[in-house]
>>> print(open('target.cif').read())   # mmCIF, C-alpha atoms (C1' of nucleotides)
data_my_file
loop_
_atom_site.label_atom_id
_atom_site.label_comp_id
_atom_site.auth_asym_id
_atom_site.auth_seq_id
_atom_site.Cartn_x
_atom_site.Cartn_y
_atom_site.Cartn_z
CA MET A 1 -7.14 -23.86 11.71
CA GLY A 2 -8.60 -23.54 8.26
CA ARG A 3 -7.00 -24.28 4.93
CA PRO A 4 -3.21 -23.93 5.16
CA ARG A 5 -1.42 -21.37 3.02
CA GLU A 6 0.06 -23.00 -0.06
CA PHE A 7 2.94 -20.56 -0.56
CA ASP A 8 5.88 -19.54 1.57
CA ILE A 9 5.13 -16.05 2.79
CA ASP A 10 8.80 -15.22 3.26
CA GLU A 11 9.70 -16.37 -0.20
CA ALA A 12 6.81 -14.38 -1.66
CA LEU A 13 7.89 -11.28 0.24
CA GLU A 14 11.44 -11.71 -1.03
CA ARG A 15 10.15 -11.77 -4.60
CA ALA A 16 7.98 -8.72 -4.01
CA MET A 17 10.97 -6.88 -2.59
CA GLN A 18 12.97 -7.64 -5.71
CA VAL A 19 10.20 -6.27 -7.92
CA PHE A 20 9.87 -3.06 -5.90
CA TRP A 21 13.64 -2.77 -5.96
CA LYS A 22 13.73 -2.99 -9.72
CA ARG A 23 10.60 -1.07 -10.63
CA GLY A 24 10.03 1.32 -7.78
CA TYR A 25 6.70 1.60 -5.97
CA GLU A 26 4.72 3.10 -8.82
CA GLY A 27 6.43 1.12 -11.53
CA ALA A 28 5.62 -2.17 -9.83
CA THR A 29 2.08 -3.22 -10.74
CA LEU A 30 0.07 -5.80 -8.84
CA SER A 31 0.46 -8.06 -11.85
CA ASP A 32 4.24 -7.70 -11.73
CA LEU A 33 4.23 -8.39 -8.03
CA THR A 34 1.85 -11.35 -7.86
CA GLY A 35 3.42 -12.81 -10.99
CA ALA A 36 6.85 -12.79 -9.38
CA MET A 37 5.44 -13.99 -6.06
CA GLY A 38 3.76 -16.92 -7.78
CA ILE A 39 0.38 -16.21 -6.25
CA THR A 40 -2.88 -14.59 -7.30
CA LYS A 41 -4.11 -11.18 -6.32
CA PRO A 42 -6.64 -12.36 -3.73
CA SER A 43 -3.91 -14.40 -2.03
CA MET A 44 -1.68 -11.36 -1.91
CA TYR A 45 -4.51 -9.23 -0.64
CA ALA A 46 -5.42 -11.75 2.09
CA ALA A 47 -1.81 -12.13 3.21
CA PHE A 48 -0.59 -8.54 3.09
CA GLY A 49 -3.60 -6.21 2.93
CA ASN A 50 -2.82 -4.06 -0.06
CA LYS A 51 0.00 -2.77 -2.22
CA GLU A 52 1.10 -0.14 0.26
CA GLN A 53 1.31 -2.56 3.16
CA LEU A 54 3.12 -5.03 0.96
CA PHE A 55 5.64 -2.32 0.19
CA ARG A 56 6.03 -1.58 3.87
CA ARG A 57 6.74 -5.24 4.58
CA ALA A 58 9.11 -5.43 1.63
CA LEU A 59 11.00 -2.41 2.96
CA GLU A 60 11.30 -4.06 6.38
CA ARG A 61 12.71 -7.14 4.73
CA TYR A 62 15.08 -4.98 2.72
CA ALA A 63 16.28 -3.28 5.88
CA GLU A 64 16.89 -6.58 7.63
CA GLY A 65 18.48 -8.16 4.57
CA PRO A 66 20.28 -6.29 1.82
CA ALA A 67 20.46 -3.07 3.81
CA SER A 68 21.47 -4.60 7.11
CA TYR A 69 25.01 -3.48 6.42
CA ALA A 70 23.91 -0.02 7.48
CA THR A 71 23.20 -1.22 10.99
CA ARG A 72 26.23 -3.48 11.21
CA ALA A 73 28.51 -0.68 10.08
CA LEU A 74 27.65 1.30 13.20
CA GLU A 75 29.30 -1.40 15.31
CA GLU A 76 32.73 -0.78 13.86
CA PRO A 77 35.10 0.38 16.58
CA THR A 78 36.12 3.64 14.93
CA ALA A 79 34.24 6.36 13.06
CA ARG A 80 36.56 5.85 10.14
CA GLY A 81 35.72 2.15 10.17
CA VAL A 82 32.01 2.94 10.30
CA ALA A 83 32.27 5.17 7.25
CA GLU A 84 34.29 2.59 5.37
CA ALA A 85 31.90 -0.22 6.18
CA LEU A 86 28.89 1.87 5.27
CA LEU A 87 30.16 2.85 1.85
CA ARG A 88 31.52 -0.61 1.16
CA GLY A 89 28.12 -2.03 2.04
CA ALA A 90 26.37 0.47 -0.21
CA VAL A 91 28.61 -0.52 -3.10
CA ARG A 92 28.01 -4.22 -2.55
CA THR A 93 24.26 -4.01 -2.11
CA THR A 94 23.65 -1.67 -5.03
CA THR A 95 25.46 -4.11 -7.31
CA LEU A 96 24.15 -7.35 -5.85
CA SER A 97 22.07 -8.18 -8.88
CA GLU A 98 22.14 -6.95 -12.43
CA GLY A 99 18.37 -7.18 -12.40
CA HIS A 100 17.94 -4.39 -9.89
CA PRO A 101 20.99 -2.20 -9.53
CA GLY A 102 20.71 0.63 -7.04
CA CYS A 103 19.07 0.98 -3.66
CA LEU A 104 15.42 0.32 -2.91
CA THR A 105 15.24 3.15 -0.39
CA VAL A 106 16.48 5.63 -2.99
CA GLN A 107 14.76 4.57 -6.18
CA GLY A 108 11.63 3.16 -4.58
CA ALA A 109 9.77 6.45 -4.72
CA LEU A 110 12.02 9.49 -5.14
CA ALA A 111 9.44 11.47 -7.13
CA SER A 112 5.91 10.25 -7.62
CA SER A 113 2.23 11.08 -7.87
CA ASP A 114 0.12 12.00 -4.86
CA GLY A 115 -1.18 8.46 -4.70
CA SER A 116 2.30 7.20 -3.86
CA ARG A 117 2.89 9.81 -1.23
CA PRO A 118 2.76 7.29 1.63
CA ALA A 119 5.47 5.20 0.01
CA HIS A 120 7.50 8.31 -0.68
CA ASP A 121 7.25 9.52 2.88
CA LEU A 122 8.07 6.08 4.19
CA LEU A 123 11.35 6.06 2.30
CA VAL A 124 12.20 9.64 3.27
CA GLY A 125 11.69 8.64 6.88
CA TRP A 126 13.83 5.55 6.48
CA ARG A 127 16.69 7.48 4.94
CA ASN A 128 16.47 10.16 7.59
CA ASP A 129 16.51 7.56 10.35
CA ALA A 130 19.59 5.99 8.86
CA GLY A 131 21.23 9.41 8.78
CA LEU A 132 20.29 10.11 12.36
CA ARG A 133 21.73 6.84 13.58
CA LEU A 134 24.97 7.70 11.84
CA GLU A 135 24.97 11.16 13.42
CA GLU A 136 24.58 9.58 16.85
CA ARG A 137 27.38 7.14 16.14
CA PHE A 138 29.69 9.95 15.12
CA GLN A 139 28.68 11.97 18.15
CA ARG A 140 29.66 9.00 20.26
CA ALA A 141 33.00 8.94 18.45
CA VAL A 142 33.53 12.57 19.42
CA ASP A 143 32.59 11.84 23.01
CA GLU A 144 34.99 8.92 23.08
CA GLY A 145 37.82 10.96 21.63
CA ASP A 146 37.85 8.85 18.48
CA LEU A 147 37.00 11.96 16.49
CA PRO A 148 38.51 15.39 17.27
CA ARG A 149 36.56 17.50 19.71
CA ASP A 150 35.82 20.10 17.05
CA ALA A 151 34.50 17.59 14.51
CA ASP A 152 30.90 18.07 13.43
CA PRO A 153 29.08 14.71 13.62
CA VAL A 154 25.99 15.95 11.81
CA ARG A 155 27.99 17.35 8.93
CA LEU A 156 30.09 14.20 8.65
CA ALA A 157 27.08 11.90 8.78
CA ARG A 158 25.23 13.88 6.12
CA TYR A 159 28.28 13.79 3.92
CA ILE A 160 28.69 10.03 4.16
CA MET A 161 24.97 9.45 3.59
CA THR A 162 25.11 11.74 0.57
CA VAL A 163 27.94 9.74 -0.95
CA ALA A 164 26.03 6.52 -0.26
CA PHE A 165 22.94 7.91 -2.00
CA GLY A 166 25.06 9.09 -4.89
CA ILE A 167 26.54 5.63 -5.20
CA ALA A 168 23.00 4.25 -5.44
CA VAL A 169 22.23 6.63 -8.33
CA GLN A 170 25.46 5.73 -10.09
CA ALA A 171 24.66 2.05 -9.66
CA ALA A 172 21.22 2.60 -11.18
CA GLY A 173 23.02 4.28 -14.07
CA GLY A 174 25.05 1.19 -14.77
CA LEU A 175 28.36 1.61 -12.94
CA GLY A 176 29.76 -1.67 -11.67
CA HIS A 177 31.11 -2.79 -8.32
CA ASP A 178 34.75 -1.90 -8.87
CA GLU A 179 34.03 1.52 -10.28
CA LEU A 180 31.74 2.30 -7.36
CA GLN A 181 34.29 1.05 -4.86
CA GLU A 182 36.80 3.41 -6.42
CA ILE A 183 34.37 6.25 -5.82
CA ALA A 184 33.90 5.19 -2.23
CA ASP A 185 37.67 5.05 -1.77
CA THR A 186 37.96 8.54 -3.20
CA ALA A 187 35.35 9.81 -0.77
CA LEU A 188 37.16 8.18 2.14
CA ARG A 189 40.60 9.24 1.01
CA SER A 190 39.51 12.70 1.96
CA TRP A 191 38.32 11.64 5.40
CA GLN A 192 39.73 14.35 7.57
CA PRO A 193 37.22 15.16 10.27
CA MET B 1 -1.04 29.83 -41.96
CA GLY B 2 -4.03 28.19 -40.33
CA ARG B 3 -5.48 28.95 -36.94
CA PRO B 4 -2.80 30.39 -34.67
CA ARG B 5 -1.83 28.59 -31.49
CA GLU B 6 -3.55 30.15 -28.50
CA PHE B 7 -0.93 29.23 -25.90
CA ASP B 8 2.74 30.03 -25.50
CA ILE B 9 4.60 26.85 -26.30
CA ASP B 10 7.60 27.85 -24.21
CA GLU B 11 5.48 28.67 -21.20
CA ALA B 12 3.62 25.37 -21.60
CA LEU B 13 6.89 23.46 -21.81
CA GLU B 14 8.12 25.23 -18.69
CA ARG B 15 5.06 24.06 -16.81
CA ALA B 16 5.41 20.52 -18.11
CA MET B 17 9.03 20.50 -16.96
CA GLN B 18 7.97 21.53 -13.48
CA VAL B 19 5.45 18.69 -13.33
CA PHE B 20 7.95 16.08 -14.52
CA TRP B 21 10.43 17.51 -12.03
CA LYS B 22 8.02 17.08 -9.17
CA ARG B 23 6.31 13.82 -10.13
CA GLY B 24 8.83 11.99 -12.25
CA TYR B 25 7.99 10.57 -15.65
CA GLU B 26 5.60 7.86 -14.49
CA GLY B 27 4.09 9.91 -11.70
CA ALA B 28 3.17 12.73 -14.07
CA THR B 29 -0.12 11.91 -15.78
CA LEU B 30 -1.36 13.59 -18.93
CA SER B 31 -4.02 15.24 -16.81
CA ASP B 32 -1.37 16.62 -14.45
CA LEU B 33 0.65 17.86 -17.38
CA THR B 34 -2.07 19.42 -19.51
CA GLY B 35 -3.69 20.85 -16.41
CA ALA B 36 -0.50 22.66 -15.46
CA MET B 37 0.15 23.65 -19.07
CA GLY B 38 -3.31 25.16 -19.32
CA ILE B 39 -4.17 23.28 -22.51
CA THR B 40 -6.18 20.23 -23.51
CA LYS B 41 -4.80 16.85 -24.43
CA PRO B 42 -5.29 17.21 -28.18
CA SER B 43 -3.42 20.51 -28.08
CA MET B 44 -0.55 18.88 -26.25
CA TYR B 45 -0.56 15.97 -28.64
CA ALA B 46 -0.56 18.24 -31.68
CA ALA B 47 2.25 20.39 -30.33
CA PHE B 48 4.56 17.76 -28.84
CA GLY B 49 3.61 14.36 -30.25
CA ASN B 50 3.18 12.29 -27.11
CA LYS B 51 4.17 12.05 -23.46
CA GLU B 52 7.60 10.66 -24.18
CA GLN B 53 8.48 13.38 -26.67
CA LEU B 54 7.13 15.98 -24.28
CA PHE B 55 9.45 14.60 -21.64
CA ARG B 56 12.36 14.75 -24.06
CA ARG B 57 11.61 18.40 -24.78
CA ALA B 58 11.16 19.13 -21.09
CA LEU B 59 14.54 17.56 -20.38
CA GLU B 60 16.16 19.73 -23.05
CA ARG B 61 14.62 22.77 -21.44
CA TYR B 62 15.83 21.59 -18.07
CA ALA B 63 19.35 21.18 -19.40
CA GLU B 64 19.36 24.65 -20.89
CA GLY B 65 17.72 26.22 -17.86
CA PRO B 66 17.97 24.93 -14.31
CA ALA B 67 20.79 22.50 -15.15
CA SER B 68 22.83 24.88 -17.26
CA TYR B 69 25.13 25.37 -14.30
CA ALA B 70 26.65 22.00 -15.21
CA THR B 71 27.88 23.35 -18.52
CA ARG B 72 28.92 26.73 -17.15
CA ALA B 73 30.89 25.10 -14.36
CA LEU B 74 33.22 23.52 -16.94
CA GLU B 75 34.38 26.98 -17.95
CA GLU B 76 35.91 27.73 -14.57
CA PRO B 77 39.66 28.25 -14.92
CA THR B 78 40.72 25.54 -12.46
CA ALA B 79 39.58 22.00 -11.77
CA ARG B 80 38.96 22.98 -8.20
CA GLY B 81 36.78 25.86 -9.39
CA VAL B 82 34.87 23.51 -11.70
CA ALA B 83 34.12 21.14 -8.84
CA GLU B 84 33.04 23.99 -6.59
CA ALA B 85 30.79 25.53 -9.20
CA LEU B 86 29.24 22.19 -10.06
CA LEU B 87 28.32 21.30 -6.50
CA ARG B 88 27.21 24.84 -5.73
CA GLY B 89 24.97 24.71 -8.79
CA ALA B 90 23.57 21.34 -7.76
CA VAL B 91 22.72 22.72 -4.33
CA ARG B 92 21.02 25.79 -5.77
CA THR B 93 19.03 24.00 -8.43
CA THR B 94 17.84 21.17 -6.22
CA THR B 95 16.45 23.72 -3.77
CA LEU B 96 15.10 26.25 -6.27
CA SER B 97 11.49 25.52 -5.44
CA GLU B 98 9.85 23.86 -2.49
CA GLY B 99 7.38 22.38 -4.95
CA HIS B 100 9.94 20.15 -6.61
CA PRO B 101 13.09 19.66 -4.58
CA GLY B 102 15.75 17.49 -6.16
CA CYS B 103 16.98 17.04 -9.69
CA LEU B 104 14.86 16.11 -12.69
CA THR B 105 17.60 14.00 -14.21
CA VAL B 106 17.86 11.92 -11.04
CA GLN B 107 14.30 11.54 -9.89
CA GLY B 108 12.69 11.64 -13.33
CA ALA B 109 12.90 7.89 -13.83
CA LEU B 110 15.40 6.17 -11.55
CA ALA B 111 13.42 2.93 -11.34
CA SER B 112 10.32 2.34 -13.40
CA SER B 113 8.22 -0.06 -15.41
CA ASP B 114 9.19 -1.30 -18.85
CA GLY B 115 6.88 1.26 -20.41
CA SER B 116 9.07 4.06 -19.07
CA ARG B 117 12.26 2.47 -20.24
CA PRO B 118 12.84 5.14 -22.92
CA ALA B 119 12.60 7.91 -20.33
CA HIS B 120 14.85 5.96 -17.98
CA ASP B 121 17.48 5.41 -20.63
CA LEU B 122 17.28 9.02 -21.69
CA LEU B 123 18.15 10.16 -18.19
CA VAL B 124 20.91 7.59 -17.76
CA GLY B 125 22.43 8.86 -20.99
CA TRP B 126 22.13 12.44 -19.86
CA ARG B 127 23.83 11.77 -16.55
CA ASN B 128 26.57 9.78 -18.24
CA ASP B 129 27.17 12.56 -20.75
CA ALA B 130 27.49 15.07 -17.94
CA GLY B 131 29.99 12.78 -16.25
CA LEU B 132 31.98 12.35 -19.44
CA ARG B 133 32.20 16.09 -20.00
CA LEU B 134 33.54 16.47 -16.49
CA GLU B 135 36.09 13.72 -17.08
CA GLU B 136 37.29 15.52 -20.19
CA ARG B 137 37.53 18.78 -18.30
CA PHE B 138 39.61 17.18 -15.58
CA GLN B 139 41.79 15.48 -18.16
CA ARG B 140 42.40 18.89 -19.65
CA ALA B 141 43.35 20.13 -16.19
CA VAL B 142 45.92 17.35 -15.95
CA ASP B 143 47.27 18.21 -19.39
CA GLU B 144 47.52 21.85 -18.42
CA GLY B 145 49.31 21.07 -15.17
CA ASP B 146 46.39 22.39 -13.14
CA LEU B 147 45.97 18.92 -11.65
CA PRO B 148 48.96 16.74 -10.69
CA ARG B 149 50.24 14.44 -13.40
CA ASP B 150 49.25 11.36 -11.41
CA ALA B 151 45.69 12.54 -10.76
CA ASP B 152 42.94 10.30 -12.15
CA PRO B 153 40.41 12.48 -14.01
CA VAL B 154 37.86 9.68 -14.40
CA ARG B 155 37.92 8.86 -10.72
CA LEU B 156 37.65 12.50 -9.72
CA ALA B 157 34.81 13.19 -12.12
CA ARG B 158 32.86 10.17 -10.94
CA TYR B 159 33.35 11.23 -7.35
CA ILE B 160 32.08 14.75 -7.93
CA MET B 161 29.11 13.51 -9.95
CA THR B 162 28.31 11.03 -7.19
CA VAL B 163 28.24 13.80 -4.60
CA ALA B 164 26.02 15.88 -6.89
CA PHE B 165 23.59 12.98 -7.29
CA GLY B 166 23.64 12.38 -3.57
CA ILE B 167 22.82 16.03 -3.00
CA ALA B 168 19.82 15.60 -5.28
CA VAL B 169 18.59 12.69 -3.19
CA GLN B 170 19.10 14.61 0.02
CA ALA B 171 17.21 17.56 -1.43
CA ALA B 172 14.34 15.27 -2.37
CA GLY B 173 14.40 14.11 1.24
CA GLY B 174 13.85 17.61 2.50
CA LEU B 175 17.29 19.03 3.31
CA GLY B 176 17.52 22.77 2.67
CA HIS B 177 19.97 24.92 0.79
CA ASP B 178 22.32 25.67 3.66
CA GLU B 179 22.50 22.10 4.86
CA LEU B 180 23.26 20.90 1.35
CA GLN B 181 25.91 23.57 0.86
CA GLU B 182 27.55 22.37 4.04
CA ILE B 183 27.65 18.88 2.54
CA ALA B 184 29.17 20.24 -0.66
CA ASP B 185 31.77 22.12 1.36
CA THR B 186 32.62 18.93 3.23
CA ALA B 187 33.06 17.08 -0.03
CA LEU B 188 35.31 19.82 -1.37
CA ARG B 189 37.27 20.22 1.85
CA SER B 190 38.70 16.85 1.02
CA TRP B 191 39.66 17.86 -2.49
CA GLN B 192 43.16 16.48 -2.77
CA PRO B 193 43.62 15.13 -6.27
"C1'" DC C 1 -16.03 36.41 -50.23
"C1'" DG C 2 -15.03 31.24 -50.10
"C1'" DA C 3 -11.26 27.51 -50.04
"C1'" DC C 4 -7.89 25.88 -47.18
"C1'" DT C 5 -5.18 25.02 -43.13
"C1'" DT C 6 -4.43 24.55 -38.43
"C1'" DA C 7 -5.83 24.69 -33.47
"C1'" DT C 8 -9.42 23.81 -30.19
"C1'" DG C 9 -12.97 21.46 -27.14
"C1'" DT C 10 -15.89 17.48 -26.39
"C1'" DA C 11 -16.47 13.08 -26.15
"C1'" DC C 12 -14.67 8.79 -26.53
"C1'" DC C 13 -11.39 4.64 -27.33
"C1'" DG C 14 -9.13 0.20 -25.54
"C1'" DC C 15 -6.39 -0.96 -21.84
"C1'" DT C 16 -4.61 -1.57 -17.37
"C1'" DC C 17 -4.64 -0.07 -12.82
"C1'" DG C 18 -5.57 -1.42 -7.66
"C1'" DG C 19 -9.00 -3.86 -5.53
"C1'" DA C 20 -13.01 -6.97 -4.33
"C1'" DA C 21 -17.11 -10.37 -4.64
"C1'" DT C 22 -18.01 -14.97 -5.00
"C1'" DA C 23 -17.66 -19.82 -5.30
"C1'" DG C 24 -15.05 -23.82 -4.49
"C1'" DA C 25 -11.11 -26.46 -2.23
"C1'" DA C 26 -8.48 -28.04 1.83
"C1'" DA C 27 -7.66 -28.22 6.30
"C1'" DT C 28 -9.39 -28.58 11.68
"C1'" DC C 29 -13.03 -29.00 14.77
"C1'" DG C 30 -17.26 -31.42 17.06
"C1'" DC D 1 -19.51 -37.67 9.18
"C1'" DG D 2 -20.91 -32.50 8.83
"C1'" DA D 3 -19.91 -27.73 10.37
"C1'" DT D 4 -16.60 -24.27 10.36
"C1'" DT D 5 -12.66 -21.77 8.96
"C1'" DT D 6 -9.28 -20.25 5.88
"C1'" DC D 7 -7.03 -20.14 1.54
"C1'" DT D 8 -7.38 -20.36 -3.63
"C1'" DA D 9 -8.99 -19.31 -8.38
"C1'" DT D 10 -12.11 -17.05 -11.53
"C1'" DT D 11 -14.34 -13.17 -12.59
"C1'" DC D 12 -15.45 -8.76 -12.36
"C1'" DC D 13 -15.45 -3.71 -10.74
"C1'" DG D 14 -15.07 1.54 -11.23
"C1'" DA D 15 -11.51 4.60 -12.18
"C1'" DG D 16 -7.86 6.43 -14.48
"C1'" DC D 17 -4.34 5.72 -17.86
"C1'" DG D 18 -2.24 7.42 -22.62
"C1'" DG D 19 -4.05 8.49 -26.81
"C1'" DT D 20 -7.61 9.80 -30.61
"C1'" DA D 21 -12.02 10.99 -33.92
"C1'" DC D 22 -14.59 14.44 -34.96
"C1'" DA D 23 -16.83 18.59 -35.43
"C1'" DT D 24 -16.00 23.41 -34.96
"C1'" DA D 25 -13.57 27.85 -34.55
"C1'" DA D 26 -10.05 31.06 -36.16
"C1'" DG D 27 -6.89 32.39 -38.79
"C1'" DT D 28 -4.33 33.02 -44.00
"C1'" DC D 29 -4.64 32.45 -48.82
"C1'" DG D 30 -6.67 33.10 -53.79
#
>>> encode(input="target.cif", output="structure tokens")
Amino acid sequence: MGRPREFDIDEALERAMQVFWKRGYEGATLSDLTGAMGITKPSMYAAFGNKEQLFRRALERYAEGPASYATRALEEPTARGVAEALLRGAVRTTTLSEGHPGCLTVQGALASSDGSRPAHDLLVGWRNDAGLRLEERFQRAVDEGDLPRDADPVRLARYIMTVAFGIAVQAAGGLGHDELQEIADTALRSWQP
Amino acid sequence: MGRPREFDIDEALERAMQVFWKRGYEGATLSDLTGAMGITKPSMYAAFGNKEQLFRRALERYAEGPASYATRALEEPTARGVAEALLRGAVRTTTLSEGHPGCLTVQGALASSDGSRPAHDLLVGWRNDAGLRLEERFQRAVDEGDLPRDADPVRLARYIMTVAFGIAVQAAGGLGHDELQEIADTALRSWQP
DNA sequence: CGACTTATGTACCGCTCGGAATAGAAATCG
DNA sequence: CGATTTCTATTCCGAGCGGTACATAAGTCG
């Protein structure tokens, strides 16, 4: 009971995610955020707690939305297919919008002041988790005989993640979809586990 | 003439560079900077103009110091050697200090507010220039017969730069020198222009 | 020496930051 | 209806931001 919320919390979170994506954690001010969300600061505060928690929620939404390709890629039947899907997804997502090229998990808080340390650590953890899931998937591929017995799943996973992160930086620098896809193809061309 | 400067301007710039390297442009406050430089704000202002110009100078110093490997790598006799030297340099420089892992040109201002747009654009330009120089070097390798006639210098250069940027992100995420070198080796193992 | 020039330290500027107190509005309860 | 609960809007907070005025100190000139 009580007065019903006048804004759509999902829609507001989507807008907040876009702002964090474009500006990074530190670069996104509460004014930027609430302005894009179409609500006032007290409404944001009541609904999400504070800026850090809002960022956490926005990252969750990012993971389930634009970055969901990372999870889906793991379901490809072969390790080669996983790598292809992952890089293809990175290329697509980092060039989804001209307003915020790049990847939220990379440019959200790569270097920052001590005050943004929680956000920084959150993203480091997210990227590491993604890398670990890929390592496990490649290990499974070795176990299944999909990858050669002497292949190193950790090394391969780190390499693919590195290319994906590099693609995010290149996207932030202005490279377009086709140019990035060419890079991904080049990285995969040399796929010889 | 006039009262002589009481601090070493080179030493102060070195310290400022370290702070920008660790915090990024937005994350580095004037207090952080002048504190590390061992001078007061008016002294900084008199010597460098403002924060943005200080950053510009710090970037120049970075290019001539920690990032000079990028220029030296171009002098390697073969394209393969250039790529190796570039990635090896990226690994070394991004793990030089535990205080500021990563690369200043990547994490200095990847995403930021409008106020940091100049710094952002400066870094985008720097990264693009580095990429262009590598493209030219690879083109020369094609002309010289070092690379096959049908090799694509632009594609190769973008790929190597992407791996280097990815290494910077991985370094910022905590990976150490040896792990990063393993990634670089994996990227080079697949060097088949 | 004194005039001049430049660097320094203190103290301060307007502004914006993330956040919160408070009062009123809109719903559900009895 | 009135009491209660929850959201909204206005207003404000202390702190820190990048940047600066000003007086003073430390040198080089004539």
>>> residues_around(input="target.cif", residues="A:Ala109", least_positions_apart="2", cutoff="7 Å", atoms="all atoms listed in the file", output="PyMOL selection string")
chain A and resi 24-25+106-107+111-112+119-120
>>> closest_atom_pairs(input="target.cif", of="chain D", to="chain B", cutoff="10 Å", atoms="all atoms listed in the file", output="Markdown table")
| residue | atom | partner | partner_atom | distance |
| --- | --- | --- | --- | --- |
| D:DG16 | C1' | B:Thr29 | CA | 9.6 |
| D:DC17 | C1' | B:Thr29 | CA | 7.8 |
| D:DG18 | C1' | B:Leu30 | CA | 7.2 |
| D:DG19 | C1' | B:Asn50 | CA | 8.2 |
| D:DT20 | C1' | B:Pro42 | CA | 8.1 |
| D:DA25 | C1' | B:Arg3 | CA | 8.5 |
| D:DA26 | C1' | B:Arg3 | CA | 5.1 |
| D:DG27 | C1' | B:Arg3 | CA | 4.2 |
| D:DT28 | C1' | B:Met1 | CA | 5.0 |
| D:DC29 | C1' | B:Met1 | CA | 8.2 |
>>> interface_residues(input="target.cif", of="chain C", to="chain A", cutoff="9 Å", atoms="only C-alpha atoms (C1' of nucleotides)", output="ChimeraX atom specification")
/C:17-20,25-29
>>> atom_distance(input="target.cif", atom1="atom CA of A:Ala63", atom2="atom CA of A:Arg133")
13.8 Å
>>> interface_residues(input="target.cif", of="chain B", to="chain A", cutoff="9 Å", atoms="all atoms listed in the file", output="tab-separated table (two decimals) with C-alpha atoms, in the frame of the given file")
chain	number	residue	atom	x	y	z
B	20	PHE	CA	7.95	16.08	-14.52
B	21	TRP	CA	10.43	17.51	-12.03
B	22	LYS	CA	8.02	17.08	-9.17
B	23	ARG	CA	6.31	13.82	-10.13
B	24	GLY	CA	8.83	11.99	-12.25
B	25	TYR	CA	7.99	10.57	-15.65
B	26	GLU	CA	5.60	7.86	-14.49
B	27	GLY	CA	4.09	9.91	-11.70
B	28	ALA	CA	3.17	12.73	-14.07
B	29	THR	CA	-0.12	11.91	-15.78
B	100	HIS	CA	9.94	20.15	-6.61
B	102	GLY	CA	15.75	17.49	-6.16
B	106	VAL	CA	17.86	11.92	-11.04
B	107	GLN	CA	14.30	11.54	-9.89
B	108	GLY	CA	12.69	11.64	-13.33
B	109	ALA	CA	12.90	7.89	-13.83
B	110	LEU	CA	15.40	6.17	-11.55
B	111	ALA	CA	13.42	2.93	-11.34
B	112	SER	CA	10.32	2.34	-13.40
B	113	SER	CA	8.22	-0.06	-15.41
B	114	ASP	CA	9.19	-1.30	-18.85
B	115	GLY	CA	6.88	1.26	-20.41
B	116	SER	CA	9.07	4.06	-19.07
B	121	ASP	CA	17.48	5.41	-20.63
B	123	LEU	CA	18.15	10.16	-18.19
B	124	VAL	CA	20.91	7.59	-17.76
B	125	GLY	CA	22.43	8.86	-20.99
B	127	ARG	CA	23.83	11.77	-16.55
B	128	ASN	CA	26.57	9.78	-18.24
B	155	ARG	CA	37.92	8.86	-10.72
B	156	LEU	CA	37.65	12.50	-9.72
B	158	ARG	CA	32.86	10.17	-10.94
B	159	TYR	CA	33.35	11.23	-7.35
B	161	MET	CA	29.11	13.51	-9.95
B	162	THR	CA	28.31	11.03	-7.19
B	163	VAL	CA	28.24	13.80	-4.60
B	164	ALA	CA	26.02	15.88	-6.89
B	165	PHE	CA	23.59	12.98	-7.29
B	166	GLY	CA	23.64	12.38	-3.57
B	167	ILE	CA	22.82	16.03	-3.00
B	168	ALA	CA	19.82	15.60	-5.28
B	169	VAL	CA	18.59	12.69	-3.19
B	170	GLN	CA	19.10	14.61	0.02
B	172	ALA	CA	14.34	15.27	-2.37
B	173	GLY	CA	14.40	14.11	1.24
B	174	GLY	CA	13.85	17.61	2.50
B	179	GLU	CA	22.50	22.10	4.86
B	180	LEU	CA	23.26	20.90	1.35
B	182	GLU	CA	27.55	22.37	4.04
B	183	ILE	CA	27.65	18.88	2.54
B	184	ALA	CA	29.17	20.24	-0.66
B	186	THR	CA	32.62	18.93	3.23
B	187	ALA	CA	33.06	17.08	-0.03
B	188	LEU	CA	35.31	19.82	-1.37
B	189	ARG	CA	37.27	20.22	1.85
B	190	SER	CA	38.70	16.85	1.02
B	191	TRP	CA	39.66	17.86	-2.49
B	192	GLN	CA	43.16	16.48	-2.77
>>> atom_distance(input="target.cif", atom1="atom CA of B:Tyr62", atom2="atom CA of B:Gly176")
20.8 Å
>>> closest_residue(input="target.cif", among="B:Glu75, B:Arg117, B:Thr105, B:Gly99", to="B:Arg140", atoms="all atoms listed in the file")
B:Glu75
>>> residues_around(input="target.cif", residues="A:Leu74", least_positions_apart="4", cutoff="9 Å", atoms="all atoms listed in the file", output="ChimeraX atom specification")
/A:69-70,78-79,81-83,85-86,133-134,137
>>> atom_distance(input="target.cif", atom1="atom CA of B:Leu96", atom2="atom CA of B:Thr34")
22.7 Å
